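S.K.: Here's a structure for you.
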Number of protein chains: 2
Amino acid sequence: MSKTNGEKRIRVALLGCGVVGSAVARMLIESADDLRSRIGAPVELVGIAVRRLAKDRTDLPVPADLFTTDAAELVTRADIVVEVIGGIEPARSLLLSAMKHGASVVTANKALLAEDGPTLYAAADAAGVDLYFEAAVAGAIPILRPMRESLAGDDVRKVLGIVNGTTNFVLDKMDTTGAGFEETVAQAQALGYAEADPTADVEGFDAAAKAALLASLAFHTRVTGADVFREGISDVTAADIAAAKAMDCVVKLLAICERTTGADGIEGVSVRVHPAMIPRTHPLASVRDAYNAVFVEARAAGQLMFYGRGAGGDPTASAVLGDLVAIARHQVAGGRGPGESAYADLPILDVGQSLTRYHLSLDVEDRPGVLAQVAQAFADTDVSIETVRQHIRTNAGTGAKRANLVIVTHTATEAALAATVDALSETDCVAEVVSVMRVEGA
Amino acid sequence: MSKTNGEKRIRVALLGCGVVGSAVARMLIESADDLRSRIGAPVELVGIAVRRLAKDRTDLPVPADLFTTDAAELVTRADIVVEVIGGIEPARSLLLSAMKHGASVVTANKALLAEDGPTLYAAADAAGVDLYFEAAVAGAIPILRPMRESLAGDDVRKVLGIVNGTTNFVLDKMDTTGAGFEETVAQAQALGYAEADPTADVEGFDAAAKAALLASLAFHTRVTGADVFREGISDVTAADIAAAKAMDCVVKLLAICERTTGADGIEGVSVRVHPAMIPRTHPLASVRDAYNAVFVEARAAGQLMFYGRGAGGDPTASAVLGDLVAIARHQVAGGRGPGESAYADLPILDVGQSLTRYHLSLDVEDRPGVLAQVAQAFADTDVSIETVRQHIRTNAGTGAKRANLVIVTHTATEAALAATVDALSETDCVAEVVSVMRVEGA
């Protein structure tokens, strides 16, 4: 904090001026009076690091001389550095330098935190500064602060999150229109809900990074993106969506963080991202379009849900500004926000150990004894069947009959289910295992 | 904070040992190891103030000698005082004394905060201690911390809350069973969802206190329970619920806090509690049973919703423990939580100025020209009609025909609507204004 004419002011440096950065800059300027009242000192935007100075930014209410391409220099003259450039480098080096120079940090960088969070926490501790990152998960939705603070006296057992707006938009549209994956992604791209290269979203990389952050906070255990089992939505077909509908379910890409006891009796943490069917009566089922929501089960609090916009300039900027006010209050009145809490150090369970229910669709021959053979394959691999439905189909050309079996299992481990699928593939009467999908939220 | 053998410990005094107090005591004991790790120092329960020592509490894992009837003495030897006795006195005097003696305070006492919050804040400031009260609104749902901290850089425009579980249970049951109010309250009492004297809940006093707290935080303005317009649910009939159903709406008791410009052009705060119809597609409509939810609209964040259990021992204790950990961390590492923020000091708008849509049901004569007369009464009082539906009913005995008009208005002030209702009562062809209900959440 610097003083001018005896008045303390909080110097803020902004790294990045894209959609989020612009919104942050605008709010800092336009809400300056409110921020001063809420913090107890004025906030001054001292610089915005950008890649190219040439770009026209005259729509922003920011003096042109605040823009700089020298981010490394900028971070040395701020009390709070806001990083919204994303990616691992140069973001990491800039934040480490900022903290070394005494600045606290607000970042929306889920990838960096999921890859190397402990390094950032350690740097914050060494410098005695704050590290806040509410905007890194679920945009405007206050979820990390509730997890770090509101639930700090409780035991979180499970987190189920819809934390990627692009995939939720795609799955929701597939549900309402009946269209296929490729077609719907193209529509999402045309509407600006999906990137030209949608891999990070549709293959679940973005959600996996967020799952790692949620699990780390929920279970007081270090979880990195690499610890997260990940399966995207590119294999979800219109038939899967229709099958879910028939079960009165919807398909969502879920980030699932669970404190559980594996098949070998060891308590640990299971973190996974994959599409799953959830009942339409589940609170997450009604999360439409590009909205996000995080469902939390804690021992004492019971079931909680947090819902809102997961992306976009203004919503993300709201989360950034909330963190900025918290840090600024510390700089005015003393104190620090919570640091890393990884004391529980629970083992990360292999996905093979995680327990879920499964929905399987099988094409089988239509003759007596088939159901018995199929049921035997489940029994041999220790997976218990909850329901079976059989549909008979006649091939219009050949007149041959085929049966479709839809089976929902009781809870089973991923490993057992994989063995079931292998056993089914080797069962004569099974022509094809058409689809396998997990069922959550029962 | 006291030290024993060189180790700091946080001394916690608990005032009250009812449903919530017992849950707090149990969690403090059973989660002691986790709390120590999360705080950085052990927490020690040094006493529990109760009204009668004679009561059997052997089910609690608490040494018998911790119970005391001398609350006044207990608060002088604690670092954190947790108050869950409720009511104005002796709670207020005990908390003021606790703070004077240097203790920080966690309270779930919405009535006291809504009546005399500024006195408590001032005492906390004078003593340099913390005042936290997450459990006072919506039980386990983290809503006050998000409001005080996560949204501290944003502008909250509107809060719509279902913050009373008893009334939500009653209205939800009326919706699903079609039963009347009295009958459903009796059922709620039998199930333990309503008190023997349900006045505080069904007449909206409890919700009004919570609305005052939410509005104070949302708008940085002092709002007391007395500032809140309040109308309970005891006049809601099975016919009202059926009328809502016909509109694809549900009836909820809403706490509504709004930053708005009154009819006279002055910007202010409108805070009210009343039953209202909301569309079944609104996120709040699916809040069933005794659950609570708070819907927030902020300028940058957009629409947010927070959902969970609003009452009960364990959920409320979860919120209390979260506050306790936050305070304890301050006592270990320095710093203080946010104090009162009332700088905006907006005027409280009279309910007459608040803008809502209305649903009216009128019994009218069945003859030509009636609709024109009714429409004129609306026009004369400057209330614009959005939709009209007419049903003709024949009296089985007399054969006389009567018409029922269901009218939904565009947005109008309470004052204008009251004038409309007066005008309708004086209109010859209107036999009865059967019901008037506000419509929210459009």
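Here, A, B, ... name the chains of the structure tokens in the order displayed, residue numbers run from 1 inside each chain, and ligands are numbered from 1 in the same displayed order.
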Once DSSP has gone over the backbone, tell me which residues of region 42-95 of chain A are in helix (DSSP H, G or I), as a PyMOL selection string.

M.R.: chain A and resi 64-66+71-77+91-95

S.K.: Tell me, counting only C-alpha atoms, for each residue of chain B within 6 Å of chain A, which pair of atoms is nearest and how far apart they are in Å to one decimal, in rows ordered by chain and increasing number, as JSON lines.

M.R.:
```
{"residue": "B:Ala140", "atom": "CA", "partner": "A:Ala301", "partner_atom": "CA", "distance": 5.2}
{"residue": "B:Ser150", "atom": "CA", "partner": "A:Gly322", "partner_atom": "CA", "distance": 4.6}
{"residue": "B:Leu151", "atom": "CA", "partner": "A:Gly322", "partner_atom": "CA", "distance": 5.3}
{"residue": "B:Ala152", "atom": "CA", "partner": "A:Gly322", "partner_atom": "CA", "distance": 5.0}
{"residue": "B:Gly153", "atom": "CA", "partner": "A:Leu321", "partner_atom": "CA", "distance": 4.6}
{"residue": "B:Asp154", "atom": "CA", "partner": "A:Ser318", "partner_atom": "CA", "distance": 5.7}
{"residue": "B:Ala300", "atom": "CA", "partner": "A:Asp314", "partner_atom": "CA", "distance": 4.7}
{"residue": "B:Ala301", "atom": "CA", "partner": "A:Pro315", "partner_atom": "CA", "distance": 4.0}
{"residue": "B:Gln303", "atom": "CA", "partner": "A:Gly308", "partner_atom": "CA", "distance": 5.7}
{"residue": "B:Leu304", "atom": "CA", "partner": "A:Gly308", "partner_atom": "CA", "distance": 4.4}
{"residue": "B:Met305", "atom": "CA", "partner": "A:Tyr307", "partner_atom": "CA", "distance": 4.9}
{"residue": "B:Phe306", "atom": "CA", "partner": "A:Phe306", "partner_atom": "CA", "distance": 4.8}
{"residue": "B:Tyr307", "atom": "CA", "partner": "A:Met305", "partner_atom": "CA", "distance": 4.9}
{"residue": "B:Gly308", "atom": "CA", "partner": "A:Leu304", "partner_atom": "CA", "distance": 4.4}
{"residue": "B:Asp314", "atom": "CA", "partner": "A:Ala300", "partner_atom": "CA", "distance": 4.7}
{"residue": "B:Pro315", "atom": "CA", "partner": "A:Ala301", "partner_atom": "CA", "distance": 4.0}
{"residue": "B:Ser318", "atom": "CA", "partner": "A:Ala301", "partner_atom": "CA", "distance": 5.4}
{"residue": "B:Leu321", "atom": "CA", "partner": "A:Gly153", "partner_atom": "CA", "distance": 4.6}
{"residue": "B:Gly322", "atom": "CA", "partner": "A:Ser150", "partner_atom": "CA", "distance": 4.6}
{"residue": "B:Gly334", "atom": "CA", "partner": "A:Gly335", "partner_atom": "CA", "distance": 4.8}
{"residue": "B:Gly335", "atom": "CA", "partner": "A:Gly335", "partner_atom": "CA", "distance": 3.3}
```

S.K.: Could you tell me how far CA of Leu112 (chain B) sits from CA of Ala54 (chain B), in Å to one decimal place?

M.R.: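 Calculated distance between CA of Ala54 (chain B) and CA of Leu112 (chain B) is 28.0 Å.
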
S.K.: Return the single residue from A:Ala285, A:Pro368, A:Phe229, A:Ala431 that is closest to Val351 (chain A), with distances computed using only C-alpha atoms.

M.R.: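 Using only C-alpha atoms, Val351 (chain A) sits closest to A:Phe229.
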
S.K.: Work out how far apart CA of Asp175 (chain A) and CA of Tyr193 (chain A) are and give it in Å to one decimal.

M.R.: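 Distance between the two atoms: 16.5 Å.
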
S.K.: Any idea what the distance is between CA of Thr167 (chain A) and CA of Val250 (chain A)?

M.R.: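 The value is 13.1 Å.
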
S.K.: Residues at most 7 Å from Val43 (chain A), counting only C-alpha atoms, excluding those fewer than 4 positions away in the same chain, as a count of residues only?

M.R.: 6

S.K.: Would you list, as number ranges by chain, the residues of region 132-281 of chain B that end up in strand (DSSP E) under DSSP run on this structure's backbone?

M.R.: B: 132, 156-162, 229-230, 249-261, 267-279

S.K.: For Ala255 (chain A), which residue out of A:Phe219, A:Tyr121, A:Tyr132, A:Phe205 is the nearest one, using only C-alpha atoms?

M.R.: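 Checking each candidate against Ala255 (chain A), we get A:Phe205 as the closest.
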
S.K.: Identify, on the basis of only C-alpha atoms, every residue whose closest approach to region 399-415 of chain A does not exceed 8 Å; exclude the query and any residue fewer than 2 positions from it along the same chain; express the result as a PyMOL selection string.

M.R.: chain A and resi 263+351-366+383-397+417-419

S.K.: I need the residues from that last selection saved to file as a compact mmCIF listing (two decimals), in the first residue's frame (with N, CA, C and O atoms), if you can.

M.R.:
```
# COMPACT_ATOMS: atom_id res chain seq x y z
N ALA A 263 -12.71 -50.14 -2.52
CA ALA A 263 -13.02 -51.56 -2.39
C ALA A 263 -12.04 -52.25 -1.45
O ALA A 263 -12.37 -53.25 -0.80
N VAL A 351 -9.62 -44.74 -10.11
CA VAL A 351 -11.00 -44.70 -10.58
C VAL A 351 -11.63 -46.09 -10.56
O VAL A 351 -12.84 -46.22 -10.38
N GLY A 352 -10.81 -47.13 -10.70
CA GLY A 352 -11.32 -48.50 -10.65
C GLY A 352 -12.06 -48.80 -9.35
O GLY A 352 -12.94 -49.65 -9.29
N GLN A 353 -11.71 -48.06 -8.30
CA GLN A 353 -12.31 -48.29 -6.99
C GLN A 353 -13.59 -47.49 -6.78
O GLN A 353 -14.30 -47.70 -5.79
N SER A 354 -13.83 -46.51 -7.66
CA SER A 354 -14.96 -45.63 -7.35
C SER A 354 -16.28 -46.32 -7.66
O SER A 354 -16.39 -47.12 -8.60
N LEU A 355 -17.25 -46.03 -6.86
CA LEU A 355 -18.53 -46.72 -6.89
C LEU A 355 -19.60 -45.88 -7.57
O LEU A 355 -19.80 -44.72 -7.21
N THR A 356 -20.27 -46.44 -8.54
CA THR A 356 -21.33 -45.75 -9.26
C THR A 356 -22.36 -46.79 -9.68
O THR A 356 -22.07 -47.98 -9.68
N ARG A 357 -23.53 -46.31 -10.07
CA ARG A 357 -24.48 -47.17 -10.76
C ARG A 357 -24.25 -46.99 -12.27
O ARG A 357 -23.71 -45.98 -12.70
N TYR A 358 -24.62 -48.00 -13.04
CA TYR A 358 -24.39 -47.95 -14.48
C TYR A 358 -25.66 -48.26 -15.26
O TYR A 358 -26.48 -49.07 -14.82
N HIS A 359 -25.75 -47.61 -16.41
CA HIS A 359 -26.81 -47.87 -17.37
C HIS A 359 -26.16 -48.49 -18.59
O HIS A 359 -25.25 -47.91 -19.19
N LEU A 360 -26.56 -49.71 -18.96
CA LEU A 360 -25.97 -50.39 -20.12
C LEU A 360 -27.06 -50.67 -21.14
O LEU A 360 -28.18 -51.06 -20.78
N SER A 361 -26.71 -50.50 -22.40
CA SER A 361 -27.61 -50.85 -23.48
C SER A 361 -26.93 -51.94 -24.31
O SER A 361 -25.80 -51.75 -24.77
N LEU A 362 -27.58 -53.09 -24.46
CA LEU A 362 -26.98 -54.23 -25.16
C LEU A 362 -27.89 -54.66 -26.31
O LEU A 362 -29.10 -54.75 -26.14
N ASP A 363 -27.30 -54.97 -27.46
CA ASP A 363 -28.05 -55.64 -28.52
C ASP A 363 -27.80 -57.13 -28.39
O ASP A 363 -26.64 -57.56 -28.40
N VAL A 364 -28.87 -57.89 -28.24
CA VAL A 364 -28.71 -59.34 -28.02
C VAL A 364 -29.63 -60.09 -28.98
O VAL A 364 -30.55 -59.52 -29.57
N GLU A 365 -29.37 -61.38 -29.10
CA GLU A 365 -30.25 -62.22 -29.91
C GLU A 365 -31.60 -62.36 -29.21
O GLU A 365 -31.68 -62.29 -27.99
N ASP A 366 -32.64 -62.58 -30.03
CA ASP A 366 -33.96 -62.75 -29.44
C ASP A 366 -34.32 -64.24 -29.37
O ASP A 366 -34.91 -64.79 -30.30
N VAL A 383 -21.43 -57.86 -10.21
CA VAL A 383 -22.20 -56.62 -10.37
C VAL A 383 -23.67 -56.97 -10.28
O VAL A 383 -24.16 -57.86 -11.00
N SER A 384 -24.37 -56.31 -9.40
CA SER A 384 -25.76 -56.64 -9.13
C SER A 384 -26.69 -55.79 -10.01
O SER A 384 -26.49 -54.59 -10.16
N ILE A 385 -27.67 -56.44 -10.60
CA ILE A 385 -28.60 -55.75 -11.52
C ILE A 385 -29.78 -55.18 -10.74
O ILE A 385 -30.37 -55.85 -9.90
N GLU A 386 -30.12 -53.90 -11.02
CA GLU A 386 -31.27 -53.30 -10.36
C GLU A 386 -32.53 -53.47 -11.23
O GLU A 386 -33.56 -53.89 -10.74
N THR A 387 -32.43 -53.10 -12.50
CA THR A 387 -33.58 -53.24 -13.40
C THR A 387 -33.13 -53.72 -14.78
O THR A 387 -32.01 -53.43 -15.21
N VAL A 388 -34.00 -54.43 -15.46
CA VAL A 388 -33.79 -54.82 -16.86
C VAL A 388 -35.06 -54.47 -17.62
O VAL A 388 -36.16 -54.72 -17.15
N ARG A 389 -34.89 -53.87 -18.80
CA ARG A 389 -36.02 -53.69 -19.70
C ARG A 389 -35.63 -54.26 -21.05
O ARG A 389 -34.51 -54.07 -21.51
N GLN A 390 -36.55 -54.94 -21.69
CA GLN A 390 -36.24 -55.56 -22.97
C GLN A 390 -37.16 -55.00 -24.06
O GLN A 390 -38.36 -54.90 -23.85
N HIS A 391 -36.58 -54.63 -25.18
CA HIS A 391 -37.36 -54.18 -26.33
C HIS A 391 -37.05 -55.12 -27.49
O HIS A 391 -35.88 -55.39 -27.75
N ILE A 392 -38.09 -55.58 -28.21
CA ILE A 392 -37.86 -56.43 -29.37
C ILE A 392 -37.92 -55.56 -30.62
O ILE A 392 -38.83 -54.75 -30.78
N ARG A 393 -36.95 -55.72 -31.50
CA ARG A 393 -36.94 -54.96 -32.75
C ARG A 393 -36.91 -55.93 -33.92
O ARG A 393 -36.16 -56.91 -33.89
N THR A 394 -37.68 -55.62 -34.95
CA THR A 394 -37.67 -56.47 -36.15
C THR A 394 -36.97 -55.72 -37.28
O THR A 394 -37.30 -54.57 -37.56
N ASN A 395 -35.98 -56.36 -37.88
CA ASN A 395 -35.31 -55.74 -39.02
C ASN A 395 -36.29 -55.72 -40.19
O ASN A 395 -36.76 -56.78 -40.64
N ALA A 396 -36.58 -54.53 -40.68
CA ALA A 396 -37.61 -54.37 -41.72
C ALA A 396 -37.25 -55.17 -42.98
O ALA A 396 -38.13 -55.73 -43.65
N GLY A 397 -35.96 -55.25 -43.30
CA GLY A 397 -35.55 -55.95 -44.52
C GLY A 397 -35.60 -57.46 -44.35
O GLY A 397 -36.33 -58.16 -45.06
N LEU A 417 -17.29 -53.20 -13.17
CA LEU A 417 -18.12 -52.97 -14.35
C LEU A 417 -17.34 -53.22 -15.63
O LEU A 417 -17.86 -53.77 -16.60
N ALA A 418 -16.06 -52.84 -15.62
CA ALA A 418 -15.21 -53.10 -16.78
C ALA A 418 -15.12 -54.59 -17.03
O ALA A 418 -15.17 -55.06 -18.18
N ALA A 419 -15.01 -55.36 -15.96
CA ALA A 419 -14.95 -56.82 -16.09
C ALA A 419 -16.28 -57.35 -16.64
O ALA A 419 -16.31 -58.27 -17.48
```
